[in-house]
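File shown: run-v8.txt (compact mmCIF, C-alpha atoms).
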# COMPACT_ATOMS: atom_id res chain seq x y z
CA MET A 1 21.42 55.34 -20.05
CA SER A 2 20.09 52.33 -21.93
CA GLY A 3 20.95 50.08 -24.84
CA ILE A 4 23.20 47.14 -25.49
CA ILE A 5 26.28 46.70 -23.33
CA ASP A 6 29.06 44.34 -24.47
CA ILE A 7 32.16 44.54 -22.25
CA ASN A 8 34.83 41.92 -21.50
CA GLY A 9 32.71 39.14 -23.01
CA TYR A 10 29.70 40.05 -20.85
CA THR A 11 26.45 41.32 -22.36
CA ASN A 12 22.99 42.48 -21.37
CA GLN A 13 21.55 40.90 -24.51
CA THR A 14 19.18 37.93 -24.21
CA LEU A 15 21.09 34.65 -24.51
CA ASP A 16 19.94 31.05 -24.80
CA TRP A 17 21.47 28.11 -22.94
CA LYS A 18 21.87 24.47 -23.94
CA ALA A 19 22.51 21.45 -21.73
CA TRP A 20 25.44 19.12 -22.40
CA LEU A 21 23.53 15.97 -21.43
CA ASP A 22 20.06 14.63 -22.15
CA VAL A 23 17.13 16.73 -20.91
CA VAL A 24 13.65 15.55 -19.95
CA ASP A 25 11.15 15.70 -22.84
CA PRO A 26 8.29 17.83 -21.46
CA ALA A 27 5.80 15.66 -23.36
CA CYS A 28 7.03 12.64 -21.37
CA ALA A 29 7.38 14.35 -17.97
CA THR A 30 5.64 12.84 -14.95
CA PRO A 31 2.89 14.88 -13.27
CA GLU A 32 5.36 15.65 -10.47
CA GLN A 33 7.98 16.90 -12.93
CA THR A 34 5.39 19.04 -14.71
CA ALA A 35 4.26 20.58 -11.43
CA VAL A 36 7.84 21.42 -10.45
CA LEU A 37 8.55 22.96 -13.87
CA GLU A 38 5.46 25.14 -13.53
CA MET A 39 6.40 26.45 -10.09
CA SER A 40 10.05 27.01 -11.04
CA HIS A 41 9.84 29.51 -13.90
CA PRO A 42 7.20 30.72 -16.40
CA LYS A 43 9.29 29.39 -19.32
CA ALA A 44 10.68 26.28 -17.65
CA LYS A 45 9.00 23.87 -20.11
CA VAL A 46 11.02 25.33 -22.99
CA SER A 47 14.24 25.86 -21.03
CA ASP A 48 17.06 23.31 -21.26
CA TYR A 49 18.22 24.39 -17.81
CA TYR A 50 15.00 23.44 -16.04
CA LEU A 51 14.37 20.42 -18.27
CA PHE A 52 17.78 19.09 -17.25
CA LEU A 53 17.44 19.80 -13.53
CA VAL A 54 13.95 18.24 -13.43
CA HIS A 55 15.61 14.82 -13.70
CA GLN A 56 15.53 15.29 -9.89
CA PRO A 57 12.21 17.10 -9.37
CA GLU A 58 12.23 17.38 -5.56
CA ILE A 59 15.72 18.88 -5.51
CA LEU A 60 14.66 21.37 -8.19
CA ARG A 61 11.47 22.17 -6.26
CA GLN A 62 13.37 23.17 -3.12
CA ARG A 63 15.99 25.08 -5.14
CA SER A 64 13.21 27.04 -6.85
CA GLU A 65 11.44 27.70 -3.52
CA ALA A 66 14.67 29.15 -2.12
CA PHE A 67 15.57 31.06 -5.27
CA ASN A 68 12.17 32.65 -5.77
CA ALA A 69 11.82 33.60 -2.09
CA ILE A 70 15.28 35.17 -2.09
CA MET A 71 14.93 37.12 -5.31
CA TYR A 72 11.25 38.09 -5.36
CA ALA A 73 9.94 38.35 -1.77
CA PRO A 74 8.57 41.80 -0.89
CA GLY A 75 10.18 44.07 1.69
CA GLY A 76 13.75 44.22 2.84
CA LEU A 77 16.51 44.87 0.35
CA PRO A 78 15.14 46.57 -2.80
CA ARG A 79 14.91 44.01 -5.59
CA ALA A 80 17.19 46.03 -7.88
CA GLU A 81 19.92 45.72 -5.26
CA ARG A 82 19.41 41.95 -5.02
CA GLU A 83 19.84 41.83 -8.81
CA LEU A 84 22.96 43.98 -8.51
CA SER A 85 24.48 41.46 -6.11
CA SER A 86 23.50 38.57 -8.42
CA THR A 87 25.09 40.31 -11.39
CA VAL A 88 28.31 41.00 -9.49
CA VAL A 89 28.58 37.40 -8.24
CA SER A 90 27.92 36.10 -11.77
CA ARG A 91 30.59 38.44 -13.17
CA ILE A 92 33.14 37.25 -10.57
CA ASN A 93 32.32 33.58 -11.15
CA GLY A 94 32.50 34.08 -14.91
CA CYS A 95 28.88 33.13 -15.61
CA VAL A 96 28.10 35.08 -18.78
CA TYR A 97 24.57 33.67 -19.05
CA CYS A 98 23.56 34.51 -15.45
CA ALA A 99 25.16 37.95 -15.74
CA SER A 100 23.08 38.73 -18.84
CA VAL A 101 19.78 37.71 -17.22
CA HIS A 102 20.35 39.61 -13.99
CA ALA A 103 21.80 42.68 -15.69
CA GLN A 104 18.49 42.90 -17.57
CA ARG A 105 16.49 42.50 -14.35
CA PHE A 106 18.54 45.22 -12.63
CA GLU A 107 17.85 47.56 -15.52
CA GLN A 108 14.12 46.76 -15.52
CA LEU A 109 13.88 47.49 -11.80
CA ALA A 110 16.31 50.43 -11.51
CA LYS A 111 15.36 52.04 -14.87
CA ARG A 112 19.05 52.52 -15.68
CA ASN A 113 22.04 50.37 -16.56
CA ASP A 114 25.05 52.53 -15.69
CA THR A 115 25.96 50.22 -12.81
CA VAL A 116 25.76 47.19 -15.13
CA ALA A 117 28.42 48.69 -17.41
CA GLN A 118 30.60 49.27 -14.35
CA VAL A 119 30.14 45.68 -13.14
CA PHE A 120 31.10 44.30 -16.54
CA SER A 121 34.12 46.66 -16.81
CA ASP A 122 35.50 46.43 -13.29
CA PRO A 123 33.30 44.82 -10.63
CA ARG A 124 35.73 45.75 -7.85
CA SER A 125 35.06 49.47 -8.24
CA ALA A 126 31.43 49.19 -9.40
CA GLY A 127 28.61 51.21 -7.90
CA VAL A 128 27.29 54.71 -8.57
CA ASN A 129 27.11 55.51 -4.86
CA GLN A 130 28.48 54.28 -1.53
CA ARG A 131 25.57 51.91 -1.02
CA GLU A 132 25.99 50.15 -4.37
CA GLN A 133 29.74 50.02 -3.87
CA ALA A 134 29.30 48.36 -0.48
CA ILE A 135 26.88 45.81 -1.95
CA ALA A 136 29.30 44.99 -4.78
CA ARG A 137 32.32 44.68 -2.46
CA PHE A 138 30.49 42.38 -0.05
CA SER A 139 29.22 40.20 -2.92
CA ILE A 140 32.76 39.81 -4.27
CA LYS A 141 34.27 38.94 -0.90
CA LEU A 142 31.55 36.40 -0.09
CA THR A 143 32.14 34.80 -3.49
CA GLU A 144 35.94 34.68 -3.32
CA ALA A 145 36.68 34.22 0.38
CA PRO A 146 33.51 33.39 2.31
CA ASN A 147 35.32 32.41 5.47
CA ASP A 148 37.11 35.77 5.65
CA ILE A 149 33.76 37.54 6.08
CA GLY A 150 33.61 39.07 9.54
CA PRO A 151 32.04 41.77 11.70
CA ASP A 152 33.96 44.53 9.87
CA ASP A 153 32.20 43.59 6.64
CA MET A 154 28.85 43.87 8.39
CA ARG A 155 29.81 47.28 9.77
CA ALA A 156 30.74 48.47 6.27
CA LEU A 157 27.29 47.52 5.01
CA HIS A 158 25.64 49.14 8.01
CA ASP A 159 27.65 52.33 7.47
CA ALA A 160 26.50 52.37 3.83
CA GLY A 161 22.91 52.45 5.05
CA LEU A 162 21.81 48.79 5.05
CA SER A 163 19.63 47.58 7.91
CA ARG A 164 20.08 44.12 9.41
CA ASP A 165 17.09 42.82 7.43
CA GLU A 166 18.63 44.18 4.24
CA ILE A 167 22.02 42.65 5.02
CA LEU A 168 20.36 39.24 5.43
CA ASP A 169 18.60 39.64 2.06
CA LEU A 170 21.93 40.60 0.49
CA LEU A 171 23.63 37.57 2.03
CA HIS A 172 20.88 35.35 0.64
CA ALA A 173 21.10 36.86 -2.86
CA ALA A 174 24.88 36.59 -3.07
CA SER A 175 24.86 33.05 -1.65
CA ILE A 176 22.14 31.66 -3.93
CA PHE A 177 24.24 32.72 -6.92
CA ALA A 178 27.12 30.60 -5.71
CA TRP A 179 24.56 27.83 -6.31
CA ALA A 180 23.01 29.11 -9.56
CA ASN A 181 26.29 30.02 -11.28
CA ARG A 182 27.80 26.60 -10.63
CA LEU A 183 24.90 24.83 -12.32
CA MET A 184 24.84 27.16 -15.33
CA LEU A 185 28.62 26.94 -15.78
CA ASN A 186 28.97 23.19 -15.41
CA LEU A 187 25.89 21.61 -16.97
CA GLY A 188 25.75 23.43 -20.29
CA GLU A 189 26.73 26.62 -22.09
CA PRO A 190 25.27 29.92 -23.29
CA VAL A 191 24.13 30.25 -26.90
CA PHE A 192 24.68 33.70 -28.40
CA PRO A 193 22.30 35.31 -30.89
CA GLU A 194 23.49 35.26 -34.50
CA GLN A 195 25.39 38.40 -35.37
CA PRO A 196 24.29 40.18 -38.55
CA GLY A 197 27.00 39.98 -41.22
CA LEU A 198 28.86 37.09 -39.58
CA MET B 1 13.05 13.08 24.31
CA GLU B 2 16.78 13.54 24.62
CA LYS B 3 17.85 17.02 23.58
CA THR B 4 21.58 17.16 24.09
CA THR B 5 23.65 17.77 21.01
CA THR B 6 27.21 17.22 19.91
CA ALA B 7 27.87 20.65 18.40
CA GLY B 8 26.21 23.19 20.67
CA ALA B 9 22.96 23.21 18.72
CA PRO B 10 19.94 24.91 20.21
CA ALA B 11 17.70 22.14 21.46
CA GLY B 12 14.57 21.43 19.51
CA THR B 13 14.90 23.84 16.61
CA GLY B 14 15.98 21.17 14.16
CA ASP B 15 17.47 23.73 11.77
CA VAL B 16 20.94 22.77 10.58
CA ILE B 17 22.10 26.31 9.72
CA ASP B 18 20.97 27.59 13.14
CA ALA B 19 22.84 24.71 14.75
CA ILE B 20 26.06 25.27 12.79
CA VAL B 21 26.04 29.04 13.37
CA GLY B 22 25.04 28.57 17.02
CA LEU B 23 22.00 30.75 16.57
CA GLN B 24 19.77 30.60 19.65
CA ALA B 25 16.07 31.42 19.58
CA SER B 26 16.78 34.30 21.99
CA ASP B 27 19.23 35.94 19.59
CA PRO B 28 17.74 38.91 17.66
CA LEU B 29 19.41 37.55 14.52
CA HIS B 30 17.31 34.38 14.89
CA ALA B 31 14.13 36.44 14.52
CA THR B 32 15.63 38.33 11.57
CA ARG B 33 16.55 35.10 9.82
CA HIS B 34 13.27 33.32 10.50
CA ALA B 35 11.27 36.29 9.21
CA ARG B 36 12.37 34.93 5.81
CA LYS B 37 10.61 31.67 6.57
CA LYS B 38 10.41 30.40 2.98
CA VAL B 39 14.18 30.69 2.62
CA VAL B 40 14.80 28.96 5.95
CA ASP B 41 12.38 26.16 5.08
CA ALA B 42 13.68 25.57 1.54
CA THR B 43 17.29 25.61 2.76
CA GLN B 44 16.49 22.98 5.37
CA ALA B 45 14.37 20.95 2.95
CA SER B 46 17.23 20.92 0.43
CA TYR B 47 19.60 19.68 3.12
CA ASP B 48 17.10 16.99 4.09
CA LEU B 49 16.78 15.79 0.50
CA PHE B 50 20.53 15.34 0.24
CA PHE B 51 21.38 13.99 3.66
CA ARG B 52 18.39 12.87 5.69
CA PRO B 53 16.56 9.59 5.56
CA GLY B 54 12.86 9.98 4.88
CA ASP B 55 11.67 9.00 8.32
CA VAL B 56 13.19 11.77 10.45
CA ARG B 57 10.47 13.81 12.12
CA PRO B 58 10.59 17.60 12.22
CA GLY B 59 12.29 18.64 15.46
CA ASP B 60 14.11 15.34 15.73
CA VAL B 61 17.22 16.42 13.92
CA ARG B 62 20.60 17.62 15.01
CA PRO B 63 24.07 18.13 13.57
CA GLY B 64 25.81 14.99 12.52
CA HIS B 65 22.67 13.00 13.03
CA VAL B 66 22.14 10.72 10.10
CA ARG B 67 21.03 7.14 10.30
CA PRO B 68 23.35 4.72 8.58
CA GLY B 69 22.13 2.27 6.04
CA ARG B 70 18.99 4.11 5.00
CA VAL B 71 18.44 5.78 1.67
CA ARG B 72 15.51 7.65 0.20
CA PRO B 73 13.68 6.18 -2.78
CA GLY B 74 15.66 6.88 -5.93
CA ASP B 75 18.86 7.59 -4.04
CA ALA B 76 20.46 4.22 -4.63
CA GLY B 77 22.82 5.73 -7.23
CA LEU B 78 24.45 8.03 -4.69
CA PRO B 79 24.80 6.41 -1.27
CA LEU B 80 24.66 8.66 1.78
CA ALA B 81 28.30 8.03 2.72
CA GLU B 82 29.43 9.21 -0.73
CA ARG B 83 27.27 12.35 -0.49
CA LEU B 84 28.81 13.10 2.89
CA LEU B 85 32.33 12.59 1.51
CA VAL B 86 31.50 15.09 -1.22
CA ALA B 87 30.21 17.49 1.44
CA LEU B 88 33.32 17.14 3.61
CA HIS B 89 35.50 17.62 0.54
CA ALA B 90 33.61 20.78 -0.47
CA SER B 91 33.80 22.16 3.08
CA LEU B 92 37.55 21.54 3.35
CA LEU B 93 38.27 23.00 -0.09
CA SER B 94 36.25 26.07 0.87
CA GLY B 95 38.07 26.45 4.19
CA SER B 96 34.85 26.15 6.19
CA ASP B 97 35.81 24.67 9.55
CA ALA B 98 32.24 24.73 10.84
CA LEU B 99 30.82 22.78 7.90
CA ALA B 100 33.78 20.38 7.86
CA ARG B 101 33.12 19.53 11.51
CA HIS B 102 29.46 18.98 10.77
CA TYR B 103 30.00 16.62 7.86
CA ARG B 104 32.90 14.82 9.55
CA ALA B 105 30.62 14.01 12.47
CA ALA B 106 27.92 12.80 10.09
CA LEU B 107 30.45 10.59 8.30
CA ALA B 108 31.50 9.04 11.58
CA GLU B 109 27.91 7.87 12.02
CA ALA B 110 27.27 6.91 8.40
CA GLY B 111 30.51 4.99 8.04
CA ALA B 112 32.78 5.94 5.14
CA ASP B 113 35.42 3.93 3.34
CA PRO B 114 38.59 4.72 5.39
CA GLN B 115 40.81 5.12 2.33
CA ALA B 116 38.40 7.57 0.70
CA LEU B 117 37.97 9.48 3.95
CA ALA B 118 41.74 9.80 4.41
CA ALA B 119 42.13 11.01 0.82
CA VAL B 120 39.43 13.66 1.31
CA GLU B 121 40.93 14.83 4.61
CA ALA B 122 44.33 15.19 2.91
CA GLY B 123 42.95 16.70 -0.31
CA CYS B 124 44.50 13.83 -2.28
CA GLU B 125 41.42 12.40 -3.98
CA ALA B 126 43.31 12.21 -7.30
CA ASP B 127 45.42 9.41 -5.78
CA LEU B 128 42.39 7.19 -5.16
CA PRO B 129 41.81 4.15 -7.36
CA ALA B 130 39.93 4.94 -10.58
CA THR B 131 36.37 4.62 -9.32
CA ARG B 132 33.18 6.57 -9.71
CA LEU B 133 33.78 8.10 -6.25
CA ARG B 134 37.17 9.43 -7.38
CA GLU B 135 35.51 11.10 -10.39
CA MET B 136 32.80 12.57 -8.15
CA LEU B 137 35.41 14.06 -5.81
CA LEU B 138 37.43 15.50 -8.70
CA PHE B 139 34.23 17.03 -10.12
CA THR B 140 33.52 18.50 -6.67
CA ARG B 141 36.97 20.13 -6.56
CA LYS B 142 36.46 21.84 -9.91
CA LEU B 143 32.91 22.93 -9.13
CA ILE B 144 33.92 24.41 -5.78
CA LEU B 145 37.22 26.07 -6.70
CA ARG B 146 37.11 26.71 -10.47
CA PRO B 147 33.47 26.70 -11.57
CA VAL B 148 34.29 28.66 -14.72
CA GLU B 149 36.39 25.74 -15.96
CA GLY B 150 33.39 23.43 -16.15
CA ASP B 151 33.09 21.70 -19.50
CA GLU B 152 31.29 18.97 -21.36
CA ALA B 153 34.26 16.61 -20.95
CA ALA B 154 33.84 16.69 -17.14
CA LEU B 155 30.23 15.48 -17.46
CA ARG B 156 31.34 12.87 -19.96
CA ARG B 157 33.86 11.50 -17.44
CA LEU B 158 31.07 11.10 -14.88
CA LYS B 159 29.01 9.27 -17.50
CA ASP B 160 31.97 7.05 -18.41
CA ALA B 161 32.45 6.25 -14.71
CA GLY B 162 28.96 4.76 -14.74
CA MET B 163 26.74 7.59 -13.50
CA ALA B 164 23.26 7.99 -14.97
CA THR B 165 22.09 11.50 -15.86
CA PRO B 166 19.76 11.84 -12.81
CA ASP B 167 22.69 10.97 -10.52
CA ILE B 168 24.84 13.61 -12.21
CA VAL B 169 22.04 16.13 -11.59
CA THR B 170 21.99 15.12 -7.91
CA LEU B 171 25.78 15.50 -7.63
CA ALA B 172 25.85 18.91 -9.34
CA GLN B 173 22.95 20.17 -7.22
CA LEU B 174 24.61 18.81 -4.09
CA VAL B 175 27.92 20.62 -4.69
CA ALA B 176 26.14 23.81 -5.78
CA PHE B 177 23.94 23.67 -2.65
CA LEU B 178 27.05 23.23 -0.49
CA SER B 179 28.64 26.34 -2.00
CA TYR B 180 25.47 28.22 -0.98
CA GLN B 181 25.33 26.67 2.49
CA ILE B 182 29.00 27.49 3.18
CA ARG B 183 28.44 31.18 2.34
CA LEU B 184 25.15 31.42 4.20
CA ALA B 185 26.73 29.96 7.35
CA ALA B 186 29.80 32.21 7.08
CA GLY B 187 27.69 35.33 6.58
CA LEU B 188 25.33 34.54 9.44
CA ALA B 189 28.30 33.85 11.73
CA ALA B 190 29.68 37.28 10.84
CA MET B 191 26.28 38.90 11.48
CA LYS B 192 26.12 37.14 14.84
CA ALA B 193 29.61 38.28 15.81
CA TRP B 194 28.81 41.83 14.74
CA GLY B 195 25.57 41.86 16.72
CA SER B 196 27.32 40.78 19.89
CA GLN B 197 29.99 43.50 19.73
What would the structure in this file look like if it were written as structure tokens?
Amino acid sequence: MSGIIDINGYTNQTLDWKAWLDVVDPACATPEQTAVLEMSHPKAKVSDYYLFLVHQPEILRQRSEAFNAIMYAPGGLPRAERELSSTVVSRINGCVYCASVHAQRFEQLAKRNDTVAQVFSDPRSAGVNQREQAIARFSIKLTEAPNDIGPDDMRALHDAGLSRDEILDLLHAASIFAWANRLMLNLGEPVFPEQPGL
Amino acid sequence: MEKTTTAGAPAGTGDVIDAIVGLQASDPLHATRHARKKVVDATQASYDLFFRPGDVRPGDVRPGHVRPGRVRPGDAGLPLAERLLVALHASLLSGSDALARHYRAALAEAGADPQALAAVEAGCEADLPATRLREMLLFTRKLILRPVEGDEAALRRLKDAGMATPDIVTLAQLVAFLSYQIRLAAGLAAMKAWGSQ
């Protein structure tokens, strides 16, 4: 299954994002700001998101260190499953932009997008197997009621086949999107591609 | 060097999340967590940027330990006591007792405005006089509880209250970091409880 998915206002199409306040002009950035942009994301110098956050370069540097280690480090939870958790959290928080980016990454890694359509339609029942369902349910609960998370939730993940190392990676992925979604939702807005005929 | 702590922290680790969760070096979960060293280090470094003066040495840190009256270069726009009030507010709104205790202890050392502290403890920040701090606390409430309702007008109110754009970036990153820290601590506490069953 592949192709464009548009469900409930969520999409796997590529969106742009614009900041609501003044961004740093990359031509006028300090050497420190330039270095932080370069370590944050390959396209950071043309991204409003990074050009806004780089007003505080050290804070952005540590955010990017955490984000990149959580999402890209080898071993542990398969990267597609980290992206699944990120997509679910973004869907629950209502972050259309983040959901589009991480839906695409899930599809690139998993070579399918059936679970993405499920997450956009009804995240609470999403998952093509018990393992995906357990990952989605944990991501939702951590997002909505973090202090209700307890040993039973860990047992459910264990029973679905996740090792302790994988559960930690899942916790990191779901938690870092509490951070990422809040910035994307509150500092600017997604820009949708022009629709033909509109 | 004195190693006793106020919140049951493992002596000498210096890691705030370990201290809040009560994660001892002998706990198997400690090894699991620290195998993801880059995440541990960046989480701690983020915390340090928001809350620690620049002269604290590695290993010389513990919960609630912040030195009053010191700010990092460039931090003048957001004094430490105001950052800690934001953190306590976010912890209380999120129902995180462990984080609320941590930031309450830090506030006791840093020294907060009593009226602002009482308002945060009661969740009545809207009743505070119309100051920049009141706008920061209202922004924190929305960002923690209803992030999807964020809008341009909210940023404009921070601007109108006298905040420069870099200070708004610091505030947004601070609240967003706290929402991460609260979930990380809650999840690790659950993993710890599960492991000890």
Problem - Non-local contacts of Asp165 (chain A) (9 Å; all atoms listed in the file; under 5 positions in same chain excluded) as a list in words - result: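 Answer for this query is Gly76, Leu77 and Leu170 of chain A; Thr32, Arg33 and Ala35 of chain B.
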Exercise for the section: Find the residue from A:Phe192, A:Tyr97, A:Phe52, A:Tyr10 that sits nearest to chain B; use all atoms listed in the file when measuring. Expected result: A:Phe52
Practice task
Could you jot down the CA of Ala190 (chain B) to CA of Arg131 (chain A) separation for me, Å, one decimal place?
Solution key: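 Computing it gives 19.3 Å between the two atoms.
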Mind running chain A against chain B at 7 Å and telling me each contacting residue's nearest atom pair with the distance in Å (one decimal), counting all atoms listed in the file, chain and number ascending, as a Markdown table?
| residue | atom | partner | partner_atom | distance |
| --- | --- | --- | --- | --- |
| A:Trp20 | CA | B:Glu152 | CA | 5.9 |
| A:Leu53 | CA | B:Val169 | CA | 6.2 |
| A:His55 | CA | B:Pro166 | CA | 5.2 |
| A:Gln56 | CA | B:Pro166 | CA | 6.2 |
| A:Ile59 | CA | B:Ser46 | CA | 6.5 |
| A:Gln62 | CA | B:Ala42 | CA | 5.3 |
| A:Glu65 | CA | B:Ala42 | CA | 5.9 |
| A:Ala66 | CA | B:Val39 | CA | 5.0 |
| A:Ala69 | CA | B:Val39 | CA | 6.0 |
| A:Ile70 | CA | B:Val39 | CA | 6.6 |
| A:Asn93 | CA | B:Val148 | CA | 6.4 |
| A:Gly94 | CA | B:Val148 | CA | 5.7 |
| A:Leu142 | CA | B:Arg183 | CA | 6.5 |
| A:Pro146 | CA | B:Arg183 | CA | 5.5 |
| A:Asn147 | CA | B:Ala186 | CA | 5.8 |
| A:Ile149 | CA | B:Ala190 | CA | 6.3 |
| A:Gly150 | CA | B:Ala190 | CA | 4.5 |
| A:Pro151 | CA | B:Trp194 | CA | 4.4 |
| A:Met154 | CA | B:Met191 | CA | 6.4 |
| A:Asp165 | CA | B:Thr32 | CA | 6.3 |
| A:Leu171 | CA | B:Gly187 | CA | 6.5 |
| A:His172 | CA | B:Leu184 | CA | 6.8 |
| A:Ser175 | CA | B:Tyr180 | CA | 4.9 |
| A:Ile176 | CA | B:Tyr180 | CA | 5.6 |
| A:Ala178 | CA | B:Tyr180 | CA | 5.5 |
| A:Trp179 | CA | B:Ala176 | CA | 4.4 |
| A:Arg182 | CA | B:Pro147 | CA | 5.7 |
| A:Leu183 | CA | B:Ala172 | CA | 6.7 |
| A:Leu185 | CA | B:Gly150 | CA | 5.9 |
| A:Asn186 | CA | B:Gly150 | CA | 4.5 |
Exercise for the section: Using only C-alpha atoms, find the one residue out of A:Leu187, A:Leu157, A:Val96, A:Leu15 that sits nearest to Leu51 (chain A). Expected result: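 Of all the options, A:Leu187 lies closest to Leu51 (chain A).
Rounded to one decimal, CA of Gly127 (chain A) and CA of Asp114 (chain A) lie 8.7 Å from each other.
Between CA of Glu82 (chain B) and CA of Val36 (chain A) the interatomic distance comes to 26.6 Å.
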Find the smallest box with edges along x, y and z containing every listed atom of region 43-58 of chain A, then add 8 Å on each side and report centre and edge lengths in Å to one decimal, as lines of an AutoDock Vina configuration file.
center_x = 13.6
center_y = 22.1
center_z = -14.3
size_x = 25.2
size_y = 30.6
size_z = 33.4
Problem - Residues within 12 Å of Arg124 (chain A), only C-alpha atoms, excluding chain neighbours under 5 positions, as a ChimeraX atom specification - result: /A:88-89,91-92,115,118-119,132-141,144
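Closest approach to Ile17 (chain B) among B:Arg134, B:Arg157, B:His34, B:Arg104 is made by B:His34 (distances from all atoms listed in the file).
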